[in-house]
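Visitor: What follows is the file entry11.cif, containing mmCIF, C-alpha atoms:
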data_protein
#
loop_
_atom_site.group_PDB
_atom_site.id
_atom_site.type_symbol
_atom_site.label_atom_id
_atom_site.label_comp_id
_atom_site.auth_asym_id
_atom_site.auth_seq_id
_atom_site.Cartn_x
_atom_site.Cartn_y
_atom_site.Cartn_z
ATOM 1 C CA MET M 685 -20.510 -29.865 11.299
ATOM 2 C CA ASP M 686 -16.986 -29.181 10.017
ATOM 3 C CA LYS M 687 -15.783 -25.709 9.174
ATOM 4 C CA ARG M 688 -15.667 -24.526 5.580
ATOM 5 C CA GLN M 689 -12.496 -25.441 3.705
ATOM 6 C CA ASP M 690 -12.853 -23.172 0.661
ATOM 7 C CA TYR M 691 -12.423 -19.802 2.383
ATOM 8 C CA ILE M 692 -9.996 -17.238 0.949
ATOM 9 C CA SER M 693 -6.595 -16.419 2.450
ATOM 10 C CA TRP M 694 -5.771 -13.052 4.023
ATOM 11 C CA ASP M 695 -3.764 -12.111 0.922
ATOM 12 C CA GLU M 696 -6.691 -13.019 -1.340
ATOM 13 C CA TYR M 697 -9.049 -11.038 0.882
ATOM 14 C CA PHE M 698 -6.949 -7.865 0.893
ATOM 15 C CA MET M 699 -6.125 -8.070 -2.817
ATOM 16 C CA GLY M 700 -9.839 -8.610 -3.395
ATOM 17 C CA VAL M 701 -10.569 -5.404 -1.460
ATOM 18 C CA ALA M 702 -8.003 -3.577 -3.621
ATOM 19 C CA LEU M 703 -9.632 -4.932 -6.785
ATOM 20 C CA LEU M 704 -13.072 -3.977 -5.490
ATOM 21 C CA ALA M 705 -11.815 -0.437 -4.777
ATOM 22 C CA ALA M 706 -10.536 -0.315 -8.371
ATOM 23 C CA GLN M 707 -14.131 -0.726 -9.529
ATOM 24 C CA ARG M 708 -14.786 2.831 -8.248
ATOM 25 C CA SER M 709 -12.330 4.263 -10.806
ATOM 26 C CA LYS M 710 -13.955 6.046 -13.725
ATOM 27 C CA ASP M 711 -10.815 5.752 -15.852
ATOM 28 C CA PRO M 712 -11.881 4.068 -19.097
ATOM 29 C CA SER M 713 -8.511 2.381 -19.709
ATOM 30 C CA THR M 714 -6.939 1.510 -16.352
ATOM 31 C CA GLN M 715 -8.605 0.772 -13.023
ATOM 32 C CA VAL M 716 -6.242 0.362 -10.079
ATOM 33 C CA GLY M 717 -7.108 -0.107 -6.423
ATOM 34 C CA ALA M 718 -5.054 -0.194 -3.240
ATOM 35 C CA CYS M 719 -5.694 -1.472 0.283
ATOM 36 C CA ILE M 720 -3.433 -0.650 3.248
ATOM 37 C CA VAL M 721 -3.408 -3.156 6.111
ATOM 38 C CA ASP M 722 -1.751 -3.091 9.537
ATOM 39 C CA ALA M 723 0.082 -5.945 11.297
ATOM 40 C CA ASP M 724 -3.161 -7.019 13.011
ATOM 41 C CA LYS M 725 -4.873 -7.580 9.622
ATOM 42 C CA ARG M 726 -7.026 -4.457 9.952
ATOM 43 C CA ILE M 727 -7.737 -2.347 6.898
ATOM 44 C CA LEU M 728 -6.423 1.158 7.481
ATOM 45 C CA SER M 729 -7.398 2.682 4.150
ATOM 46 C CA THR M 730 -8.303 2.066 0.521
ATOM 47 C CA GLY M 731 -7.928 4.097 -2.647
ATOM 48 C CA TYR M 732 -8.338 3.997 -6.395
ATOM 49 C CA ASN M 733 -7.087 6.039 -9.344
ATOM 50 C CA GLY M 734 -9.100 9.154 -10.094
ATOM 51 C CA PHE M 735 -9.101 12.920 -10.049
ATOM 52 C CA PRO M 736 -8.567 14.894 -6.821
ATOM 53 C CA LYS M 737 -11.560 15.668 -4.638
ATOM 54 C CA GLY M 738 -13.449 18.637 -6.062
ATOM 55 C CA CYS M 739 -12.131 18.169 -9.618
ATOM 56 C CA SER M 740 -15.019 17.062 -11.797
ATOM 57 C CA ASP M 741 -14.332 13.955 -13.849
ATOM 58 C CA ASP M 742 -16.486 15.560 -16.539
ATOM 59 C CA GLU M 743 -14.149 18.568 -16.846
ATOM 60 C CA PHE M 744 -10.763 16.799 -17.003
ATOM 61 C CA PRO M 745 -9.482 14.519 -19.762
ATOM 62 C CA TRP M 746 -9.401 10.723 -19.586
ATOM 63 C CA ASN M 747 -7.309 10.567 -22.751
ATOM 64 C CA ARG M 748 -4.019 8.588 -22.697
ATOM 65 C CA ASP M 749 -2.664 9.701 -26.059
ATOM 66 C CA GLU M 750 -0.874 13.047 -25.960
ATOM 67 C CA SER M 751 -1.118 13.451 -29.745
ATOM 68 C CA VAL M 752 -4.918 13.566 -29.486
ATOM 69 C CA GLY M 753 -4.805 16.439 -27.007
ATOM 70 C CA GLU M 754 -4.702 16.924 -23.272
ATOM 71 C CA THR M 755 -4.065 13.735 -21.271
ATOM 72 C CA LYS M 756 -5.153 12.478 -17.853
ATOM 73 C CA TYR M 757 -1.617 11.998 -16.541
ATOM 74 C CA PRO M 758 -1.002 15.385 -14.904
ATOM 75 C CA PHE M 759 -4.361 15.209 -13.125
ATOM 76 C CA VAL M 760 -4.975 11.628 -11.927
ATOM 77 C CA VAL M 761 -4.118 10.620 -8.354
ATOM 78 C CA HIS M 762 -2.938 7.019 -8.295
ATOM 79 C CA ALA M 763 -4.562 4.407 -6.071
ATOM 80 C CA GLU M 764 -1.589 4.066 -3.694
ATOM 81 C CA LEU M 765 -1.337 7.800 -3.050
ATOM 82 C CA ASN M 766 -5.110 8.043 -2.643
ATOM 83 C CA ALA M 767 -5.018 5.238 -0.059
ATOM 84 C CA ILE M 768 -2.191 6.975 1.820
ATOM 85 C CA LEU M 769 -4.058 10.307 1.778
ATOM 86 C CA ASN M 770 -7.367 8.623 2.674
ATOM 87 C CA ALA M 771 -5.756 7.206 5.820
ATOM 88 C CA SER M 772 -6.305 10.691 7.316
ATOM 89 C CA GLY M 773 -3.302 10.684 9.615
ATOM 90 C CA LYS M 774 -3.465 7.048 10.742
ATOM 91 C CA LYS M 775 -0.066 5.545 11.471
ATOM 92 C CA LEU M 776 0.970 3.613 8.356
ATOM 93 C CA SER M 777 4.440 2.706 9.572
ATOM 94 C CA GLY M 778 4.967 -1.043 9.312
ATOM 95 C CA SER M 779 1.853 -1.615 7.213
ATOM 96 C CA VAL M 780 1.377 -3.490 3.933
ATOM 97 C CA VAL M 781 -0.178 -2.073 0.771
ATOM 98 C CA TYR M 782 -2.005 -4.432 -1.571
ATOM 99 C CA VAL M 783 -2.202 -2.973 -5.058
ATOM 100 C CA ALA M 784 -3.479 -4.203 -8.402
ATOM 101 C CA LEU M 785 -0.541 -2.737 -10.374
ATOM 102 C CA PHE M 786 3.118 -2.335 -9.362
ATOM 103 C CA PRO M 787 3.603 1.259 -8.118
ATOM 104 C CA CYS M 788 5.113 4.000 -10.257
ATOM 105 C CA HIS M 789 8.087 6.051 -9.048
ATOM 106 C CA GLU M 790 5.895 8.821 -7.591
ATOM 107 C CA CYS M 791 3.805 6.361 -5.571
ATOM 108 C CA ALA M 792 6.999 4.590 -4.457
ATOM 109 C CA LYS M 793 8.165 7.857 -2.866
ATOM 110 C CA ALA M 794 4.888 8.200 -0.965
ATOM 111 C CA ILE M 795 4.987 4.536 0.108
ATOM 112 C CA ILE M 796 8.512 4.942 1.463
ATOM 113 C CA GLN M 797 7.788 8.250 3.200
ATOM 114 C CA SER M 798 4.638 6.893 4.860
ATOM 115 C CA GLY M 799 6.537 3.955 6.380
ATOM 116 C CA ILE M 800 4.769 1.152 4.514
ATOM 117 C CA LYS M 801 7.028 -1.910 4.811
ATOM 118 C CA GLU M 802 5.668 -4.165 2.071
ATOM 119 C CA VAL M 803 4.064 -3.854 -1.350
ATOM 120 C CA VAL M 804 1.970 -6.820 -2.499
ATOM 121 C CA TYR M 805 1.151 -6.354 -6.169
ATOM 122 C CA LEU M 806 -0.884 -8.346 -8.682
ATOM 123 C CA SER M 807 0.326 -7.052 -12.066
ATOM 124 C CA ASP M 808 3.739 -5.782 -13.140
ATOM 125 C CA LYS M 809 2.860 -5.075 -16.760
ATOM 126 C CA TYR M 810 5.060 -1.962 -16.878
ATOM 127 C CA HIS M 811 8.083 -3.799 -15.412
ATOM 128 C CA ASP M 812 10.605 -2.495 -17.967
ATOM 129 C CA THR M 813 9.518 1.151 -18.040
ATOM 130 C CA PRO M 814 11.812 3.817 -16.557
ATOM 131 C CA SER M 815 9.159 4.734 -13.951
ATOM 132 C CA THR M 816 8.809 1.174 -12.672
ATOM 133 C CA GLU M 817 12.562 0.585 -12.743
ATOM 134 C CA ALA M 818 13.059 3.736 -10.636
ATOM 135 C CA SER M 819 10.277 2.618 -8.313
ATOM 136 C CA ARG M 820 11.783 -0.822 -7.805
ATOM 137 C CA ARG M 821 15.205 0.724 -7.164
ATOM 138 C CA MET M 822 13.888 3.158 -4.527
ATOM 139 C CA LEU M 823 11.652 0.619 -2.785
ATOM 140 C CA SER M 824 14.471 -1.931 -2.615
ATOM 141 C CA SER M 825 16.968 0.667 -1.372
ATOM 142 C CA ALA M 826 14.525 1.716 1.377
ATOM 143 C CA GLY M 827 14.044 -1.903 2.486
ATOM 144 C CA VAL M 828 10.433 -2.171 1.352
ATOM 145 C CA LYS M 829 9.581 -5.820 0.689
ATOM 146 C CA LEU M 830 8.138 -6.514 -2.771
ATOM 147 C CA THR M 831 5.789 -9.479 -3.094
ATOM 148 C CA HIS M 832 4.250 -10.579 -6.379
ATOM 149 C CA PHE M 833 0.798 -11.916 -5.444
ATOM 150 C CA LYS M 834 0.025 -15.287 -6.990
ATOM 151 C CA PRO M 835 -3.694 -16.052 -6.646
ATOM 152 C CA THR M 836 -4.792 -19.612 -5.950
ATOM 153 C CA LYS M 837 -8.203 -18.930 -7.504
ATOM 154 C CA ALA M 838 -9.038 -17.495 -10.917
ATOM 155 C CA GLN M 839 -11.750 -15.304 -9.423
ATOM 156 C CA ILE M 840 -13.727 -14.371 -6.356
ATOM 157 C CA VAL M 841 -17.402 -13.909 -7.139
ATOM 158 C CA LEU M 842 -19.534 -11.412 -5.260
ATOM 159 C CA GLY M 843 -23.287 -11.260 -5.514
ATOM 160 C CA PHE M 844 -26.068 -9.102 -4.151
ATOM 161 C CA ASN M 845 -28.610 -11.891 -3.973
#
Using the file provided, produce a representation of the structure as structure tokens.
Guide:
Amino acid sequence: MDKRQDYISWDEYFMGVALLAAQRSKDPSTQVGACIVDADKRILSTGYNGFPKGCSDDEFPWNRDESVGETKYPFVVHAELNAILNASGKKLSGSVVYVALFPCHECAKAIIQSGIKEVVYLSDKYHDTPSTEASRRMLSSAGVKLTHFKPTKAQIVLGFN
């Protein structure tokens, strides 16, 4: 019997883990996940966007529009930062972070400070915003490699049966 030929690549696997982590987010408008991987292809940590531990997602706003009232933005921890914090002291230097959305400037700072050497991102929908421009500038200046993930499959299907 020959081995399977339709298996997913490492990049597809780790981006898939990031996208699966994003499914834990309770944010009604944006779900982002992150997966940090070491040089030996071992997952060090995952994270998704949500409120800090101990802050009830029923007591804080999910609203995006400031004109409607209080917004989520001062309260939400982004997926990349959550993954870095969830690593619980593991050495992240030289690792790669797979993330569904290109990191903002605040996450870029944490990525640089933690020693992550590469960001593999799926979407860059905020490419021209000041936050993303600042992020790209800092990451490039710090020598962090930026890789736009191009999937070879439209989807990866998971099932429980």
Visitor: I'd like the neighbourhood of stretch 802-819 of chain M as a list in words, where a residue qualifies if any of its atoms comes within 7 Å (using all atoms listed in the file), though same-chain residues fewer than 5 positions away should be ignored.
Guide: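 Counting only the stated atoms, we get Ser779, Val780, Val781, Tyr782, Val783, Ala784, Leu785, Phe786, Pro787, Cys788, His789, Ala792, Val828, Lys829, Leu830, Thr831, His832 and Phe833 of chain M.
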Visitor: Extract, using only C-alpha atoms, all DNA, RNA and protein residues at most 12 Å from M:Ala838, discarding same-chain residues fewer than 3 positions from it, and format them as a ChimeraX atom specification.
Guide: /M:692,696,700,834-835,841
Visitor: Taking only C-alpha atoms into account, which of M:Lys775, M:His762, M:Lys687, M:Lys837 comes nearest M:Ile727?
Guide: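 Closest residue, counting only C-alpha atoms: M:Lys775.
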Visitor: Interatomic distance between atom CA of M:Ser740 and atom CA of M:Cys719?
Guide: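 Going from atom CA of M:Ser740 over to atom CA of M:Cys719, I get 24.0 Å.
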Visitor: Could you state which residues are captured by the PyMOL selection byres ((chain M and resi 746) around 12) in this file, as an MDAnalysis selection string?
Guide: chainID M and resid 709:715 733:735 740:745 747:750 752:760
Visitor: Quote the spacing between atom CA of M:Ala771 and atom CA of M:Arg726 in Å to one decimal place.
Guide: 12.4 Å
Visitor: M:Trp694, M:Ser729, M:Gln797, M:Ser751: which is nearest M:Leu769, counting all atoms listed in the file?
Guide: M:Ser729
Visitor: Name all residues at most 8 Å from M:Ala706 (count all atoms listed in the file; drop same-chain ones fewer than 5 positions away) and give them as a PyMOL selection string.
Guide: chain M and resi 715-718+731-733+763
Visitor: Write the selection just made, keeping C-alpha atoms, as a PDB file, in the frame of the given file?
Guide:
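Final output, saved to selection-v4.pdb:
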ATOM      1  CA  GLN M 715      -8.605   0.772 -13.023  1.00  0.00           C
ATOM      2  CA  VAL M 716      -6.242   0.362 -10.079  1.00  0.00           C
ATOM      3  CA  GLY M 717      -7.108  -0.107  -6.423  1.00  0.00           C
ATOM      4  CA  ALA M 718      -5.054  -0.194  -3.240  1.00  0.00           C
ATOM      5  CA  GLY M 731      -7.928   4.097  -2.647  1.00  0.00           C
ATOM      6  CA  TYR M 732      -8.338   3.997  -6.395  1.00  0.00           C
ATOM      7  CA  ASN M 733      -7.087   6.039  -9.344  1.00  0.00           C
ATOM      8  CA  ALA M 763      -4.562   4.407  -6.071  1.00  0.00           C
TER       9      ALA M 763
END
Visitor: Between atom CA of M:Ile840 and atom CA of M:Ser693, what is the spacing in Å?
Guide: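 Atom-to-atom, atom CA of M:Ser693 to atom CA of M:Ile840, that is 11.5 Å.
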Visitor: Mind completing stretch 707-740 of chain M with N, CA and C atoms? Output as a compact mmCIF listing (two decimals), keeping the file's coordinate frame, please?
Guide:
# COMPACT_ATOMS: atom_id res chain seq x y z
N GLN M 707 -12.86 -0.83 -8.80
CA GLN M 707 -14.13 -0.73 -9.53
C GLN M 707 -14.78 0.66 -9.37
N ARG M 708 -14.29 1.46 -8.42
CA ARG M 708 -14.79 2.83 -8.25
C ARG M 708 -14.15 3.79 -9.25
N SER M 709 -13.02 3.39 -9.86
CA SER M 709 -12.33 4.26 -10.81
C SER M 709 -13.18 4.48 -12.05
N LYS M 710 -13.22 5.72 -12.51
CA LYS M 710 -13.96 6.05 -13.72
C LYS M 710 -13.04 6.08 -14.95
N ASP M 711 -11.78 5.77 -14.76
CA ASP M 711 -10.82 5.75 -15.85
C ASP M 711 -11.22 4.68 -16.86
N PRO M 712 -11.42 5.05 -18.12
CA PRO M 712 -11.88 4.07 -19.10
C PRO M 712 -10.83 3.04 -19.52
N SER M 713 -9.54 3.31 -19.24
CA SER M 713 -8.51 2.38 -19.71
C SER M 713 -7.82 1.60 -18.60
N THR M 714 -7.67 2.18 -17.43
CA THR M 714 -6.94 1.51 -16.35
C THR M 714 -7.64 1.75 -15.02
N GLN M 715 -8.01 0.67 -14.35
CA GLN M 715 -8.60 0.77 -13.02
C GLN M 715 -7.65 0.09 -12.04
N VAL M 716 -7.18 0.88 -11.08
CA VAL M 716 -6.24 0.36 -10.08
C VAL M 716 -6.80 0.66 -8.70
N GLY M 717 -6.68 -0.29 -7.80
CA GLY M 717 -7.11 -0.11 -6.42
C GLY M 717 -5.98 -0.46 -5.48
N ALA M 718 -6.05 0.08 -4.27
CA ALA M 718 -5.05 -0.19 -3.24
C ALA M 718 -5.75 -0.37 -1.90
N CYS M 719 -5.17 -1.21 -1.05
CA CYS M 719 -5.69 -1.47 0.28
C CYS M 719 -4.51 -1.53 1.24
N ILE M 720 -4.52 -0.69 2.26
CA ILE M 720 -3.43 -0.65 3.25
C ILE M 720 -3.90 -1.36 4.51
N VAL M 721 -3.05 -2.27 5.01
CA VAL M 721 -3.41 -3.16 6.11
C VAL M 721 -2.32 -3.11 7.19
N ASP M 722 -2.74 -3.09 8.45
CA ASP M 722 -1.75 -3.09 9.54
C ASP M 722 -1.36 -4.52 9.92
N ALA M 723 -0.45 -4.64 10.88
CA ALA M 723 0.08 -5.94 11.30
C ALA M 723 -0.98 -6.84 11.93
N ASP M 724 -2.07 -6.25 12.40
CA ASP M 724 -3.16 -7.02 13.01
C ASP M 724 -4.25 -7.38 12.00
N LYS M 725 -3.94 -7.23 10.70
CA LYS M 725 -4.87 -7.58 9.62
C LYS M 725 -6.11 -6.69 9.60
N ARG M 726 -5.93 -5.43 10.01
CA ARG M 726 -7.03 -4.46 9.95
C ARG M 726 -6.80 -3.52 8.77
N ILE M 727 -7.83 -3.27 8.03
CA ILE M 727 -7.74 -2.35 6.90
C ILE M 727 -7.67 -0.93 7.44
N LEU M 728 -6.61 -0.22 7.05
CA LEU M 728 -6.42 1.16 7.48
C LEU M 728 -7.00 2.14 6.47
N SER M 729 -6.94 1.77 5.18
CA SER M 729 -7.40 2.68 4.15
C SER M 729 -7.47 1.96 2.81
N THR M 730 -8.25 2.53 1.91
CA THR M 730 -8.30 2.07 0.52
C THR M 730 -8.24 3.28 -0.40
N GLY M 731 -7.94 3.02 -1.66
CA GLY M 731 -7.93 4.10 -2.65
C GLY M 731 -8.00 3.53 -4.04
N TYR M 732 -8.30 4.38 -4.98
CA TYR M 732 -8.34 4.00 -6.40
C TYR M 732 -7.90 5.19 -7.22
N ASN M 733 -7.56 4.95 -8.49
CA ASN M 733 -7.09 6.04 -9.34
C ASN M 733 -8.26 6.90 -9.83
N GLY M 734 -8.07 8.20 -9.68
CA GLY M 734 -9.10 9.15 -10.09
C GLY M 734 -8.62 10.57 -9.88
N PHE M 735 -9.46 11.52 -10.20
CA PHE M 735 -9.10 12.92 -10.05
C PHE M 735 -9.22 13.36 -8.59
N PRO M 736 -8.48 14.40 -8.20
CA PRO M 736 -8.57 14.89 -6.82
C PRO M 736 -9.98 15.34 -6.45
N LYS M 737 -10.27 15.24 -5.16
CA LYS M 737 -11.56 15.67 -4.64
C LYS M 737 -11.86 17.09 -5.10
N GLY M 738 -13.05 17.31 -5.61
CA GLY M 738 -13.45 18.64 -6.06
C GLY M 738 -13.18 18.90 -7.53
N CYS M 739 -12.40 18.03 -8.18
CA CYS M 739 -12.13 18.17 -9.62
C CYS M 739 -13.08 17.24 -10.36
N SER M 740 -13.99 17.83 -11.11
CA SER M 740 -15.02 17.06 -11.80
C SER M 740 -14.43 16.16 -12.86
